[in-house]
Amino acid sequence: MLIALLGPILQVIKYSVGMLTYYTTLSNFLVAGFSVYLVWAMQKGLDLQEGRLLRIKGAVTMAIMITFVIYHIMLRPLATDFWRVENIICHYITPLYFFFDTLLFDRQKAYRWFDPFLWTSIPLSYFAFALLNGYLLHFPIPNGKDGYFAYYFLNAPKYGWEFVIRSVIVIFIAYVLAGYVLYLLKSLGRRKHILNKP
């Protein structure tokens with residue numbers, strides 16, 4: 001929880017509140033906020049392995065994992081200041097820690113078959129916000145190289161709507177497929193657990 005808070009807080013302190021226009025910062029705060037809730041729930045004696053809660057955690061897990069995947073594949077090659085503490089925390093430590101926590105410690109078979117589609121609501125909401133900011137809101141973006149667009153693949157005026165739509169579709173499909181990988185991993189883990197019972 002503290003690590004999840006440290007990364008985005010450092011980003012905001014170092015580069016201004018405008019960092020909240022980045023998906024990376026928002027997704028890290030999402031993990032931090034959800035972790036705070038889990039601690040509170042545990043203190044209240046609530047069941048942390050309850051199905052609905054784990055389905056929400058699955059959504060948060062996928063939301064932070066896209067931060068890792070897109071940064072590592074699409075943005076890291078463009079980075080000129082990779083070795084920053086907040087950069088490593090936000091793009092690697094928090095996403096991978098939360099993913100393995102979900103994979104290894106959450107109850108098996110908590111998800112429903114359509115959950116990977118529901119989980120896309122988080123990045124799709126961000127895409128809508130990012131485009132709205134680029135065209136209308138104009139919140140300043142620290143270190144922004146694409147005007148009021150936080151990421152180059154959302155900069156329709158510069159690269160064209162065809163490029164933006166194609167990028168969003170590719171990310172959407174990859175996101176859904178990754179969600180089903182998590183779904184299958186949890187399902188297979190349950191089967192293995194059942195087979196290993198005495």
# chains A, B, ... in the order shown; residues from 1 in each chain; ligands from 1
$ residues_around --residues "Pro123 of chain A" --least-positions-apart "4" --cutoff "10 Å" --atoms "only C-alpha atoms" --output "ChimeraX atom specification"
/A:23,27,62-64,66-67,119,127-129,168,171-172,175
$ select_by_dssp --residues "segment 3-160 of chain A" --states "helix (DSSP H, G or I)" --output "ChimeraX atom specification"
/A:3-15,17-21,23-43,51-78,85-105,115-119,121-137,152-154,156-159
$ residues_around --residues "Ser16 of chain A" --least-positions-apart "5" --cutoff "10 Å" --atoms "only C-alpha atoms" --output "PyMOL selection string"
chain A and resi 9-11+140-142
$ atom_distance --atom1 "atom CA of Leu46 of chain A" --atom2 "atom CA of Ile93 of chain A"
27.3 Å
$ residues_around --residues "Lys109 of chain A" --least-positions-apart "3" --cutoff "10 Å" --atoms "only C-alpha atoms" --output "PDB file with C-alpha atoms, in the first residue's frame"
ATOM      1  CA  GLY A  51     -16.506 -13.109  -4.875  1.00  0.00           C
ATOM      2  CA  LEU A  54     -12.278 -10.292  -5.871  1.00  0.00           C
ATOM      3  CA  ARG A  55     -13.980  -9.376  -9.146  1.00  0.00           C
ATOM      4  CA  ASP A 106      -6.909 -14.676  -4.248  1.00  0.00           C
ATOM      5  CA  ARG A 112     -17.354 -14.626 -14.221  1.00  0.00           C
ATOM      6  CA  TRP A 113     -16.816 -15.304 -17.912  1.00  0.00           C
ATOM      7  CA  TYR A 183      -9.359 -15.775 -15.830  1.00  0.00           C
ATOM      8  CA  LEU A 184      -7.895 -19.042 -17.163  1.00  0.00           C
ATOM      9  CA  LEU A 185      -4.929 -18.966 -14.795  1.00  0.00           C
ATOM     10  CA  LYS A 186      -7.267 -18.692 -11.838  1.00  0.00           C
ATOM     11  CA  SER A 187      -9.513 -21.440 -13.239  1.00  0.00           C
ATOM     12  CA  LEU A 188      -6.574 -23.780 -13.886  1.00  0.00           C
ATOM     13  CA  GLY A 189      -5.262 -23.073 -10.418  1.00  0.00           C
ATOM     14  CA  ARG A 190      -8.598 -24.175  -8.973  1.00  0.00           C
ATOM     15  CA  ARG A 191      -8.574 -27.398 -10.983  1.00  0.00           C
TER      16      ARG A 191
END
$ residues_around --residues "Pro157 of chain A" --least-positions-apart "4" --cutoff "12 Å" --atoms "only C-alpha atoms" --output "NGL selection string"
:A and (131 or 134-135 or 146-149 or 152-153 or 161-164)
$ write_last_selection --atoms "N, CA and C atoms" --output "PDB file, in the first residue's frame"
ATOM      1  N   LEU A 131      -8.989  12.172 -24.372  1.00  0.00           N
ATOM      2  CA  LEU A 131      -9.404  12.855 -25.591  1.00  0.00           C
ATOM      3  C   LEU A 131     -10.160  14.143 -25.266  1.00  0.00           C
ATOM      4  N   GLY A 134      -7.597  16.666 -24.396  1.00  0.00           N
ATOM      5  CA  GLY A 134      -6.875  17.121 -25.572  1.00  0.00           C
ATOM      6  C   GLY A 134      -7.647  18.128 -26.403  1.00  0.00           C
ATOM      7  N   TYR A 135      -8.956  17.938 -26.470  1.00  0.00           N
ATOM      8  CA  TYR A 135      -9.773  18.798 -27.325  1.00  0.00           C
ATOM      9  C   TYR A 135     -10.470  19.937 -26.593  1.00  0.00           C
ATOM     10  N   ASP A 146       3.004  15.978 -26.700  1.00  0.00           N
ATOM     11  CA  ASP A 146       1.900  15.947 -27.659  1.00  0.00           C
ATOM     12  C   ASP A 146       0.800  16.919 -27.251  1.00  0.00           C
ATOM     13  N   GLY A 147       1.205  18.109 -26.853  1.00  0.00           N
ATOM     14  CA  GLY A 147       0.243  19.137 -26.481  1.00  0.00           C
ATOM     15  C   GLY A 147      -0.554  18.749 -25.256  1.00  0.00           C
ATOM     16  N   TYR A 148      -1.881  18.747 -25.392  1.00  0.00           N
ATOM     17  CA  TYR A 148      -2.755  18.384 -24.281  1.00  0.00           C
ATOM     18  C   TYR A 148      -3.161  16.915 -24.302  1.00  0.00           C
ATOM     19  N   PHE A 149      -2.481  16.133 -25.125  1.00  0.00           N
ATOM     20  CA  PHE A 149      -2.711  14.693 -25.152  1.00  0.00           C
ATOM     21  C   PHE A 149      -1.590  14.016 -24.363  1.00  0.00           C
ATOM     22  N   TYR A 152       1.099   9.800 -27.102  1.00  0.00           N
ATOM     23  CA  TYR A 152       1.164  10.079 -28.539  1.00  0.00           C
ATOM     24  C   TYR A 152       0.113   9.311 -29.322  1.00  0.00           C
ATOM     25  N   PHE A 153      -0.243   8.091 -28.861  1.00  0.00           N
ATOM     26  CA  PHE A 153      -1.199   7.286 -29.630  1.00  0.00           C
ATOM     27  C   PHE A 153      -2.636   7.768 -29.458  1.00  0.00           C
ATOM     28  N   TRP A 161      -7.184  10.328 -36.864  1.00  0.00           N
ATOM     29  CA  TRP A 161      -8.123   9.491 -36.130  1.00  0.00           C
ATOM     30  C   TRP A 161      -7.945   8.012 -36.455  1.00  0.00           C
ATOM     31  N   GLU A 162      -7.547   7.708 -37.680  1.00  0.00           N
ATOM     32  CA  GLU A 162      -7.342   6.301 -38.037  1.00  0.00           C
ATOM     33  C   GLU A 162      -6.293   5.666 -37.135  1.00  0.00           C
ATOM     34  N   PHE A 163      -5.201   6.390 -36.904  1.00  0.00           N
ATOM     35  CA  PHE A 163      -4.137   5.881 -36.042  1.00  0.00           C
ATOM     36  C   PHE A 163      -4.626   5.720 -34.612  1.00  0.00           C
ATOM     37  N   VAL A 164      -5.368   6.709 -34.094  1.00  0.00           N
ATOM     38  CA  VAL A 164      -5.871   6.660 -32.723  1.00  0.00           C
ATOM     39  C   VAL A 164      -6.850   5.507 -32.551  1.00  0.00           C
TER      40      VAL A 164
END
$ atom_distance --atom1 "atom CA of Thr120 of chain A" --atom2 "atom CA of Val176 of chain A"
7.1 Å
